[in-house]
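Heads up, work.txt below (compact mmCIF, C-alpha atoms):
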```
# COMPACT_ATOMS: atom_id res chain seq x y z
CA MET A 1 -6.38 18.41 25.03
CA VAL A 2 -3.70 15.70 24.94
CA ARG A 3 -0.43 17.07 23.58
CA ILE A 4 2.49 15.39 21.84
CA THR A 5 5.64 15.85 23.90
CA GLU A 6 8.14 13.53 22.18
CA ILE A 7 8.71 12.00 18.75
CA HIS A 8 11.06 9.01 18.40
CA LEU A 9 12.56 8.02 15.05
CA TYR A 10 13.72 4.44 14.38
CA GLN A 11 15.14 2.30 11.55
CA LEU A 12 14.88 -1.44 10.88
CA ASP A 13 16.04 -3.78 8.10
CA LEU A 14 13.44 -6.22 6.77
CA PRO A 15 15.14 -9.09 4.89
CA VAL A 16 13.14 -10.74 2.12
CA VAL A 17 12.46 -14.38 2.97
CA GLY A 18 13.32 -16.83 0.20
CA PRO A 19 14.28 -15.69 -3.31
CA ALA A 20 14.63 -12.03 -4.24
CA TYR A 21 11.41 -10.12 -4.88
CA ARG A 22 11.41 -9.39 -8.63
CA MET A 23 9.61 -6.58 -10.41
CA ALA A 24 10.20 -5.03 -13.81
CA THR A 25 12.44 -2.28 -12.41
CA SER A 26 14.22 -3.98 -9.49
CA GLU A 27 15.21 -7.13 -7.64
CA LEU A 28 15.15 -6.79 -3.86
CA THR A 29 16.65 -8.92 -1.09
CA HIS A 30 15.91 -6.61 1.85
CA LEU A 31 13.98 -3.42 2.64
CA ASP A 32 14.84 -0.50 4.92
CA THR A 33 11.84 0.63 6.98
CA THR A 34 11.44 3.83 8.99
CA LEU A 35 9.31 3.88 12.14
CA VAL A 36 8.06 6.74 14.29
CA GLU A 37 6.59 6.89 17.78
CA LEU A 38 4.55 9.86 18.99
CA VAL A 39 4.45 10.13 22.80
CA THR A 40 1.96 12.26 24.72
CA GLU A 41 2.16 14.03 28.05
CA THR A 42 0.07 11.17 29.50
CA GLY A 43 2.56 8.53 28.32
CA LEU A 44 0.48 7.05 25.51
CA SER A 45 2.31 6.21 22.27
CA GLY A 46 1.17 6.06 18.65
CA PHE A 47 3.20 4.35 15.93
CA GLY A 48 3.69 4.93 12.22
CA GLU A 49 5.84 3.44 9.45
CA VAL A 50 7.03 4.05 5.91
CA CYS A 51 9.00 1.50 3.87
CA PRO A 52 9.80 2.50 0.26
CA LEU A 53 10.15 -0.43 -2.13
CA GLY A 54 13.77 0.30 -2.96
CA PRO A 55 15.02 3.52 -4.57
CA THR A 56 13.59 3.01 -8.08
CA TYR A 57 9.95 2.00 -7.50
CA GLN A 58 8.84 5.58 -6.76
CA PRO A 59 10.52 8.97 -6.05
CA ALA A 60 10.99 7.85 -2.43
CA HIS A 61 13.81 6.27 -0.49
CA PRO A 62 14.31 5.40 3.20
CA GLN A 63 17.11 7.88 3.89
CA GLY A 64 14.96 10.61 2.39
CA ALA A 65 12.06 9.68 4.67
CA ARG A 66 14.24 10.05 7.76
CA VAL A 67 15.72 13.37 6.65
CA ALA A 68 12.24 14.73 5.92
CA ILE A 69 10.95 13.57 9.32
CA ASP A 70 13.96 15.26 10.90
CA VAL A 71 12.78 18.55 9.36
CA ILE A 72 9.10 18.10 10.25
CA ALA A 73 9.15 16.51 13.71
CA PRO A 74 10.26 19.56 15.78
CA HIS A 75 7.25 21.51 14.47
CA LEU A 76 4.82 18.89 15.81
CA ILE A 77 5.90 19.01 19.45
CA GLY A 78 3.13 20.47 21.58
CA MET A 79 0.37 19.79 19.06
CA SER A 80 -2.88 18.12 20.02
CA ALA A 81 -3.02 14.40 19.31
CA LEU A 82 -6.75 14.71 18.53
CA GLU A 83 -6.60 17.02 15.51
CA PRO A 84 -5.31 15.07 12.47
CA LEU A 85 -6.33 17.81 10.03
CA ASN A 86 -4.34 20.48 11.86
CA PHE A 87 -1.53 17.96 12.24
CA SER A 88 -1.42 17.48 8.44
CA ARG A 89 -1.50 21.22 7.83
CA LYS A 90 1.38 21.72 10.23
CA MET A 91 3.45 19.14 8.37
CA ASP A 92 2.73 20.85 5.05
CA ALA A 93 3.74 24.19 6.50
CA ALA A 94 7.01 22.72 7.74
CA LEU A 95 7.99 20.95 4.50
CA SER A 96 6.59 21.02 0.97
CA GLY A 97 5.94 17.64 -0.62
CA HIS A 98 7.51 14.41 0.67
CA ALA A 99 4.09 12.84 1.28
CA TYR A 100 5.62 9.41 1.89
CA ALA A 101 7.60 10.69 4.88
CA LYS A 102 4.59 12.57 6.28
CA ALA A 103 2.58 9.35 6.00
CA ALA A 104 4.49 7.71 8.86
CA LEU A 105 3.65 10.62 11.17
CA ASP A 106 0.04 10.74 9.96
CA ILE A 107 -0.47 7.03 10.63
CA ALA A 108 1.02 7.49 14.11
CA VAL A 109 -1.36 10.30 15.03
CA TRP A 110 -4.39 8.20 14.01
CA ASP A 111 -3.06 5.31 16.11
CA LEU A 112 -2.58 7.68 19.04
CA MET A 113 -6.02 9.23 18.63
CA GLY A 114 -7.65 5.80 18.70
CA LYS A 115 -5.88 4.92 21.93
CA ILE A 116 -6.89 8.19 23.57
CA LEU A 117 -10.55 7.84 22.53
CA ASN A 118 -10.63 4.05 23.10
CA LEU A 119 -11.60 3.39 19.48
CA ARG A 120 -10.11 1.39 16.64
CA VAL A 121 -8.71 3.38 13.72
CA CYS A 122 -11.33 1.86 11.40
CA ASP A 123 -14.02 3.26 13.72
CA LEU A 124 -12.43 6.72 13.55
CA LEU A 125 -12.40 6.42 9.75
CA GLY A 126 -16.13 5.78 9.53
CA GLY A 127 -16.67 2.19 10.63
CA ALA A 128 -15.72 -1.28 9.45
CA VAL A 129 -18.07 -3.28 7.23
CA SER A 130 -16.75 -6.62 8.54
CA ASP A 131 -14.25 -8.02 11.03
CA SER A 132 -11.76 -8.98 8.29
CA VAL A 133 -10.72 -7.84 4.82
CA GLU A 134 -9.91 -9.73 1.64
CA SER A 135 -6.23 -9.95 0.79
CA TYR A 136 -4.60 -10.52 -2.56
CA CYS A 137 -1.29 -12.05 -3.52
CA ALA A 138 1.40 -10.57 -5.77
CA ILE A 139 3.45 -13.08 -7.77
CA GLY A 140 6.82 -11.82 -8.95
CA ILE A 141 8.25 -12.04 -12.46
CA ASP A 142 9.02 -15.66 -13.30
CA SER A 143 8.66 -18.31 -16.00
CA PRO A 144 5.19 -19.42 -17.14
CA GLU A 145 5.61 -22.79 -15.41
CA ASN A 146 6.71 -21.31 -12.08
CA VAL A 147 3.95 -18.71 -12.14
CA ALA A 148 1.37 -21.43 -12.82
CA ARG A 149 2.63 -23.48 -9.86
CA GLN A 150 2.37 -20.45 -7.59
CA ILE A 151 -1.16 -19.68 -8.80
CA ILE A 152 -2.29 -23.20 -7.95
CA GLU A 153 -0.71 -22.89 -4.49
CA LYS A 154 -2.15 -19.45 -3.77
CA GLN A 155 -5.64 -20.50 -4.80
CA LYS A 156 -5.42 -23.39 -2.34
CA GLN A 157 -4.45 -20.85 0.34
CA GLY A 158 -7.73 -19.00 -0.24
CA PHE A 159 -6.67 -16.06 -2.42
CA ARG A 160 -9.36 -14.98 -4.88
CA ARG A 161 -7.38 -12.16 -6.49
CA LEU A 162 -3.87 -12.64 -7.87
CA GLN A 163 -1.59 -9.93 -9.19
CA LEU A 164 1.02 -11.13 -11.68
CA LYS A 165 4.07 -8.93 -12.17
CA ILE A 166 5.04 -8.35 -15.80
CA GLY A 167 7.46 -6.13 -17.74
CA GLY A 168 11.20 -5.69 -18.06
CA ARG A 169 11.47 -8.42 -20.72
CA ASP A 170 10.17 -9.31 -24.17
CA ILE A 171 6.42 -8.75 -24.27
CA GLU A 172 5.88 -12.21 -25.75
CA GLU A 173 7.18 -13.70 -22.49
CA ASP A 174 4.56 -11.77 -20.55
CA ILE A 175 1.86 -12.96 -22.95
CA ALA A 176 3.06 -16.55 -22.46
CA VAL A 177 2.90 -16.15 -18.66
CA ALA A 178 -0.64 -14.80 -18.84
CA ARG A 179 -1.82 -17.62 -21.11
CA LYS A 180 -0.33 -20.22 -18.76
CA ALA A 181 -1.91 -18.48 -15.78
CA PHE A 182 -5.37 -18.75 -17.28
CA GLU A 183 -4.87 -22.48 -17.84
CA VAL A 184 -4.76 -23.02 -14.06
CA ARG A 185 -6.93 -20.13 -12.87
CA ALA A 186 -10.05 -21.13 -10.95
CA PRO A 187 -13.30 -19.57 -12.24
CA THR A 188 -13.64 -17.40 -9.11
CA THR A 189 -10.07 -16.06 -9.23
CA ARG A 190 -9.54 -12.50 -10.52
CA ILE A 191 -6.29 -11.78 -12.35
CA THR A 192 -4.39 -8.48 -12.55
CA LEU A 193 -1.31 -8.00 -14.73
CA ASP A 194 0.84 -5.34 -13.07
CA ALA A 195 3.59 -3.81 -15.22
CA ASN A 196 4.82 -1.31 -12.59
CA ARG A 197 5.18 1.43 -15.26
CA SER A 198 7.52 -0.68 -17.41
CA LEU A 199 5.68 -1.07 -20.74
CA THR A 200 5.79 1.21 -23.74
CA THR A 201 2.38 2.13 -25.13
CA SER A 202 3.14 -0.13 -28.09
CA ASP A 203 3.81 -3.12 -25.81
CA ALA A 204 0.71 -2.37 -23.73
CA VAL A 205 -1.44 -2.47 -26.87
CA THR A 206 0.31 -5.64 -28.09
CA LEU A 207 -0.24 -7.35 -24.73
CA SER A 208 -3.90 -6.43 -24.47
CA GLN A 209 -4.73 -7.25 -28.08
CA GLY A 210 -2.78 -10.51 -27.85
CA LEU A 211 -4.82 -11.54 -24.80
CA ARG A 212 -8.16 -10.09 -25.86
CA ASP A 213 -9.98 -13.38 -25.13
CA PHE A 214 -8.96 -13.33 -21.45
CA SER A 215 -10.52 -11.27 -18.67
CA PHE A 216 -8.06 -9.37 -16.49
CA VAL A 217 -7.12 -5.90 -15.23
CA LEU A 218 -4.02 -4.18 -16.60
CA GLU A 219 -2.39 -2.19 -13.78
CA GLN A 220 -0.10 0.80 -14.37
CA PRO A 221 1.06 -0.39 -17.78
CA CYS A 222 3.15 2.69 -18.64
CA ASP A 223 5.27 5.19 -16.78
CA SER A 224 3.24 8.38 -17.06
CA TYR A 225 -0.35 9.48 -16.77
CA GLU A 226 -0.21 10.83 -20.33
CA GLU A 227 0.87 7.44 -21.70
CA ALA A 228 -1.97 5.72 -19.83
CA LYS A 229 -4.39 8.29 -21.22
CA SER A 230 -3.21 7.58 -24.76
CA LEU A 231 -4.28 3.92 -24.42
CA LYS A 232 -7.99 4.81 -24.37
CA GLY A 233 -9.75 3.03 -27.21
CA ARG A 234 -6.64 1.03 -28.16
CA ILE A 235 -6.71 -1.78 -25.59
CA CYS A 236 -9.26 -4.45 -24.65
CA HIS A 237 -8.93 -4.45 -20.86
CA PRO A 238 -9.72 -2.15 -17.94
CA VAL A 239 -6.79 -0.06 -16.68
CA TYR A 240 -6.04 0.56 -13.03
CA LEU A 241 -3.60 3.31 -12.12
CA ASP A 242 -1.12 2.83 -9.29
CA GLU A 243 2.26 4.58 -9.21
CA CYS A 244 1.14 7.75 -10.96
CA THR A 245 -1.75 8.37 -8.53
CA THR A 246 0.21 10.59 -6.16
CA GLY A 247 -2.81 12.23 -4.56
CA ALA A 248 -6.53 12.92 -4.66
CA ASP A 249 -6.02 15.44 -7.47
CA VAL A 250 -4.68 12.78 -9.86
CA VAL A 251 -7.41 10.35 -8.81
CA MET A 252 -10.10 12.94 -9.59
CA ARG A 253 -8.50 13.91 -12.91
CA SER A 254 -8.21 10.30 -14.05
CA ILE A 255 -11.89 9.72 -13.24
CA VAL A 256 -13.08 12.86 -15.03
CA GLU A 257 -10.94 12.10 -18.10
CA GLY A 258 -11.92 8.42 -18.16
CA VAL A 259 -8.33 7.20 -17.85
CA ALA A 260 -8.66 4.90 -14.82
CA ASP A 261 -11.22 2.16 -14.32
CA GLY A 262 -9.88 1.61 -10.82
CA PHE A 263 -6.88 2.19 -8.58
CA GLY A 264 -4.10 0.31 -6.83
CA MET A 265 -3.62 2.76 -3.97
CA LYS A 266 -0.54 2.92 -1.76
CA LEU A 267 -1.12 4.43 1.65
CA THR A 268 2.25 6.09 2.14
CA ARG A 269 2.52 7.38 -1.44
CA VAL A 270 -0.44 9.71 -0.91
CA GLY A 271 0.49 10.83 2.61
CA GLY A 272 -1.16 8.41 5.02
CA LEU A 273 -4.62 7.60 6.36
CA SER A 274 -5.92 11.17 6.15
CA ALA A 275 -5.35 11.31 2.39
CA MET A 276 -6.57 7.76 1.83
CA ARG A 277 -9.84 8.58 3.57
CA SER A 278 -10.47 11.33 1.00
CA ILE A 279 -9.51 9.04 -1.92
CA ARG A 280 -11.80 6.30 -0.58
CA ASP A 281 -14.71 8.72 -0.62
CA ILE A 282 -13.90 10.02 -4.12
CA CYS A 283 -13.83 6.45 -5.44
CA HIS A 284 -17.11 5.71 -3.69
CA SER A 285 -18.77 8.73 -5.31
CA ALA A 286 -17.41 7.82 -8.76
CA ASN A 287 -18.07 4.06 -8.39
CA ARG A 288 -14.40 3.17 -8.93
CA PRO A 289 -12.80 0.10 -7.28
CA LEU A 290 -9.58 0.42 -5.30
CA SER A 291 -7.14 -1.57 -3.23
CA CYS A 292 -5.77 -0.27 0.07
CA ASP A 293 -2.20 -1.41 0.47
CA ASP A 294 1.37 -0.21 0.54
CA SER A 295 4.70 -0.92 -1.09
CA TRP A 296 6.23 -2.85 1.85
CA GLY A 297 6.62 -2.71 5.63
CA GLY A 298 5.79 -4.59 8.82
CA ASP A 299 2.79 -4.86 11.14
CA ILE A 300 2.21 -1.13 11.51
CA ILE A 301 1.83 -0.50 7.79
CA ALA A 302 -0.16 -3.72 7.44
CA ALA A 303 -2.56 -2.72 10.22
CA ALA A 304 -3.08 0.75 8.75
CA CYS A 305 -3.96 -0.76 5.35
CA VAL A 306 -6.39 -3.21 6.96
CA HIS A 307 -8.15 -0.47 8.94
CA ILE A 308 -8.78 1.79 5.94
CA GLY A 309 -9.61 -1.20 3.73
CA ALA A 310 -12.24 -2.35 6.23
CA THR A 311 -14.18 0.89 5.65
CA VAL A 312 -14.39 0.59 1.83
CA ASN A 313 -17.68 -0.37 0.17
CA PRO A 314 -17.24 -4.15 -0.40
CA ALA A 315 -18.56 -3.81 -3.97
CA LEU A 316 -15.59 -1.54 -4.77
CA PHE A 317 -12.90 -3.18 -2.66
CA GLU A 318 -9.97 -4.90 -4.42
CA GLY A 319 -8.27 -6.09 -1.25
CA VAL A 320 -5.19 -5.44 0.85
CA TRP A 321 -1.69 -6.65 0.06
CA ILE A 322 0.73 -6.95 2.98
CA ALA A 323 4.38 -8.07 3.05
CA ASP A 324 3.81 -10.59 5.86
CA SER A 325 4.65 -13.69 3.81
CA TYR A 326 7.84 -12.07 2.46
CA ILE A 327 9.38 -11.07 5.80
CA SER A 328 10.34 -12.99 8.91
CA GLY A 329 8.72 -12.21 12.25
CA ASN A 330 6.25 -9.62 13.49
CA TYR A 331 6.51 -6.45 15.57
CA ASP A 332 3.65 -7.68 17.76
CA LYS A 333 4.11 -11.40 18.33
CA ALA A 334 0.97 -11.66 20.45
CA ARG A 335 -1.26 -10.06 17.78
CA PRO A 336 0.51 -10.41 14.41
CA VAL A 337 -1.16 -8.97 11.32
CA GLN A 338 -1.30 -12.01 9.02
CA VAL A 339 -3.17 -13.47 6.08
CA GLU A 340 -5.29 -16.50 6.89
CA ASN A 341 -7.28 -18.26 4.17
CA GLY A 342 -7.01 -15.22 1.92
CA ARG A 343 -8.25 -12.72 4.52
CA ILE A 344 -6.77 -10.48 7.24
CA LYS A 345 -8.51 -9.88 10.56
CA ILE A 346 -8.79 -6.32 11.83
CA PRO A 347 -6.55 -5.99 14.90
CA GLY A 348 -8.93 -6.00 17.84
CA THR A 349 -7.44 -3.52 20.29
CA MET A 350 -7.64 0.25 20.18
CA GLY A 351 -5.84 2.43 17.65
CA LEU A 352 -4.08 0.34 15.04
CA GLY A 353 -4.14 -2.63 17.42
CA VAL A 354 -0.39 -3.20 17.25
CA ALA A 355 1.80 -3.21 20.38
CA PRO A 356 5.27 -3.41 18.82
CA ASP A 357 8.34 -4.91 20.41
CA LYS A 358 10.93 -2.16 19.80
CA SER A 359 13.94 -4.13 20.98
CA ASP A 360 15.25 -4.71 17.44
CA TRP A 361 14.60 -1.15 16.26
CA LYS A 362 17.60 1.11 15.81
CA ALA A 363 17.04 4.46 17.53
CA ILE A 364 17.91 7.37 15.21
CA ASN A 365 16.70 10.48 17.02
CA VAL A 366 14.35 11.89 19.66
CA TYR A 367 12.54 15.23 19.34
CA SER A 368 11.08 16.95 22.38
```
Written as C-alpha cells, that's how I'd like the structure from this file.
Amino acid sequence: MVRITEIHLYQLDLPVVGPAYRMATSELTHLDTTLVELVTETGLSGFGEVCPLGPTYQPAHPQGARVAIDVIAPHLIGMSALEPLNFSRKMDAALSGHAYAKAALDIAVWDLMGKILNLRVCDLLGGAVSDSVESYCAIGIDSPENVARQIIEKQKQGFRRLQLKIGGRDIEEDIAVARKAFEVRAPTTRITLDANRSLTTSDAVTLSQGLRDFSFVLEQPCDSYEEAKSLKGRICHPVYLDECTTGADVVMRSIVEGVADGFGMKLTRVGGLSAMRSIRDICHSANRPLSCDDSWGGDIIAAACVHIGATVNPALFEGVWIADSYISGNYDKARPVQVENGRIKIPGTMGLGVAPDKSDWKAINVYS
C-alpha cells in the first residue's frame, strides 16, 4: 500500500489573452485557479486543479475551493493512493457538498494512481478509443459579423463543432447571430447555441421557433431544471443540459423525464474523474451524447478532460473544450496539452501525463 503523506495547496492567476471572455452573466479578464499536489511516502506526486469561471457562473468560487480543501486535506493524510472510492468517501465524510473543491483532490489521486501503476489515467478509466480526442471551440457573445468571421477562422483551424454563446441581450440579437452563423457554416460543422442559463422560457421558445429551419443544439437555455422541463413540446431543437447537471442523480432524472437530449458536462462541477466515470456510463446506457470539459483551468484540468473524453463511445462524444487558446503558457512546456487541427492528443506519459513547472505557483499551505 502506497500512502499519502503530504498535500500541498497552491494558487495561480490565469490572465485571459486578448479581449475579455464574454458570456451572458459575466465578462472575465483573468481566472484564479487552485492546484493541489498529493505526495506519497515514496516521493511520487499527483496533481489536481479546479478553476471556477468567476463567481457567478456556478455556486463555486476559488476562495471557497481553497477553504474547503483546507477542511478536507488533513483527513486524507495516511490514506492509500490506490483506493479512489475510499478516498471519495473520506472526503464526503469530512465535508458535505463542495464537489468542485473535492474534484481537485480526486483528479490528483487518479494522477497519482496512474504513476504508481505505470498506467495512463484513460487506461485506469477503462481504455482509450483513440490516441486523440475531438475538441470544440466556444465563441463568446459578439456581433453577427464578428461571430461569422470567427466561425470561418475556426473552421479553417479544423473545428467541426462550434459553441456560440448567447443571452444577456435582446433575443432578436441572438437570432440575428445564429442566422449569420449559418450563412458561413460548413456542411460538416455542428452548431450549439449556449445560453448559460440566461434565457426566460419565453425567450427560449421565441429563439427556437424563430430558427426552426436551422439545425442546432440549444444548451442550458434557462436557469433551472424545472424551466428546462417546461420547454418540452414547445421548442424545435434538442436541449442539452449543462450548469444544472450537478451530479449523476440529475443526469439520471433528466433522462428518465425526457428533459435532456444530451449533456455539456463539467468535470469539476460533479466532483472529478470518479463522478464523471459514472456519468459517462449512465449516458452510454441511455444513448445520450455528452462533452467532457470544464469551466476553465490549465494543463492539469485539460489533461483530465482529455483522458475521460478518450474513453467515451465516439458515437456519443461531443468533444472536449480546453482554455489553452485563451491563456498564455503551459504548466508543462515539454508536453503542453494543446488543440491541433481541431483535436487534442492524449498526454503520453503515465498518470495525467503532465509534469508541471511549479515555479510560478503561489504556495498556500502544506498538510502532513
| To one decimal place, how far is atom CA of Met350 of chain A from atom CA of Lys115 of chain A in Å? |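 Taking atom CA of Met350 of chain A as the start and atom CA of Lys115 of chain A as the end point, the length is 5.3 Å.
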| task | With a distance cut-off of 12 Å and only C-alpha atoms, select the neighbouring residues of Arg160 of chain A, excluding the residue or stretch itself and same-chain residues fewer than 6 positions from it, and output the selection as a list in words. | result |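 Once the adjacent positions are removed, what remains is Glu134, Ser135, Tyr136, Cys137, Ala138, Ile151, Ile152, Glu153, Lys154, Arg185, Ala186, Pro187, Thr188, Thr189, Arg190, Ile191, Thr192, Glu318, Gly319, Val320, Asn341, Gly342 and Arg343 of chain A.
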| field | Separation of atom CA of Pro59 of chain A from atom CA of Leu9 of chain A in Å | value |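 It comes out at 21.2 Å.
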| task | Give me, please, the distance in Å between atom CA of Leu125 of chain A and atom CA of Trp296 of chain A, quoted to one decimal. | result |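 If I compute the distance from atom CA of Leu125 of chain A to atom CA of Trp296 of chain A, I get 22.3 Å.
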Counting only C-alpha atoms, give me one row per residue of segment 215-334 of chain A with an atom at most 12 Å from an atom of segment 28-48 of chain A, showing the shortest contact pair and its distance in Å to one decimal, sorted by chain then residue number, as a tab-separated table.
```
residue	atom	partner	partner_atom	distance
A:Leu267	CA	A:Gly48	CA	11.6
A:Thr268	CA	A:Gly48	CA	10.2
A:Gly271	CA	A:Gly48	CA	11.7
A:Gly272	CA	A:Gly48	CA	9.4
A:Leu273	CA	A:Gly48	CA	10.5
A:Ser295	CA	A:Leu31	CA	10.3
A:Trp296	CA	A:Leu31	CA	7.8
A:Gly297	CA	A:Thr33	CA	6.3
A:Gly298	CA	A:Thr33	CA	8.2
A:Asp299	CA	A:Gly48	CA	9.9
A:Ile300	CA	A:Gly48	CA	6.3
A:Ile301	CA	A:Gly48	CA	7.3
A:Ala302	CA	A:Gly48	CA	10.6
A:Ala303	CA	A:Gly48	CA	10.1
A:Ala304	CA	A:Gly48	CA	8.7
A:Cys305	CA	A:Gly48	CA	11.8
A:Ala323	CA	A:Leu31	CA	10.7
A:Tyr326	CA	A:His30	CA	9.8
A:Ile327	CA	A:His30	CA	8.8
A:Ser328	CA	A:His30	CA	11.0
A:Tyr331	CA	A:Leu35	CA	11.2
```
| said: Around the point (-10.4, 13.2, -7.5) (coordinates from the file), which residues reach within 10 Å if we count only C-alpha atoms? Answer as a list of chain:residue names. | reply: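 Residues close enough to count: A:Thr245, A:Gly247, A:Ala248, A:Asp249, A:Val250, A:Val251, A:Met252, A:Arg253, A:Ser254, A:Ile255, A:Val256, A:Ser278, A:Ile279, A:Arg280, A:Asp281, A:Ile282, A:Cys283, A:Ser285, A:Ala286.
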| query | Which is closest to Arg66 of chain A among A:Ala20, A:Ile4, A:Met276, A:Leu105, if we use only C-alpha atoms? | reply |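 Nearest to Arg66 of chain A: A:Leu105.
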Put the listed atoms of segment 182-185 of chain A in a box along x, y and z with 6 Å added on every side and give me the centre and edge lengths in Å to one decimal, as lines of an AutoDock Vina configuration file.
```
center_x = -5.8
center_y = -20.9
center_z = -15.4
size_x = 14.2
size_y = 16.3
size_z = 17.0
```
| request: Compare A:Leu76, A:Tyr21, A:Gln58, A:Asp106 by their minimum atom-to-atom distance to Ser274 of chain A, counting only C-alpha atoms, and give me the closest one. | output: A:Asp106
| Which residue out of A:Ile7, A:Val306, A:Leu53, A:Cys244 has the minimum interatomic distance to Ile77 of chain A when all atoms listed in the file are used? |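 The shortest atom-to-atom distance to Ile77 of chain A comes from A:Ile7.
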| request: Kindly indicate which residue among A:Gly158, A:Gly309, A:Gly210, A:Pro336 lies nearest to Ser132 of chain A, using all atoms listed in the file for the distances. | output: A:Gly309
| task | Skip Asn86 of chain A itself and residues of its chain fewer than 4 positions away, then list as an MDAnalysis selection string all residues within 12 Å of it, counting only C-alpha atoms. | result | chainID A and resid 75:76 79:82 90:93 106 109 274
Residues of the last selection are to be written out with C-alpha atoms, as a compact mmCIF listing (two decimals), keeping the file's coordinate frame.
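File produced: selection-v8.txt:
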```txt
# COMPACT_ATOMS: atom_id res chain seq x y z
CA HIS A 75 7.25 21.51 14.47
CA LEU A 76 4.82 18.89 15.81
CA MET A 79 0.37 19.79 19.06
CA SER A 80 -2.88 18.12 20.02
CA ALA A 81 -3.02 14.40 19.31
CA LEU A 82 -6.75 14.71 18.53
CA LYS A 90 1.38 21.72 10.23
CA MET A 91 3.45 19.14 8.37
CA ASP A 92 2.73 20.85 5.05
CA ALA A 93 3.74 24.19 6.50
CA ASP A 106 0.04 10.74 9.96
CA VAL A 109 -1.36 10.30 15.03
CA SER A 274 -5.92 11.17 6.15
```
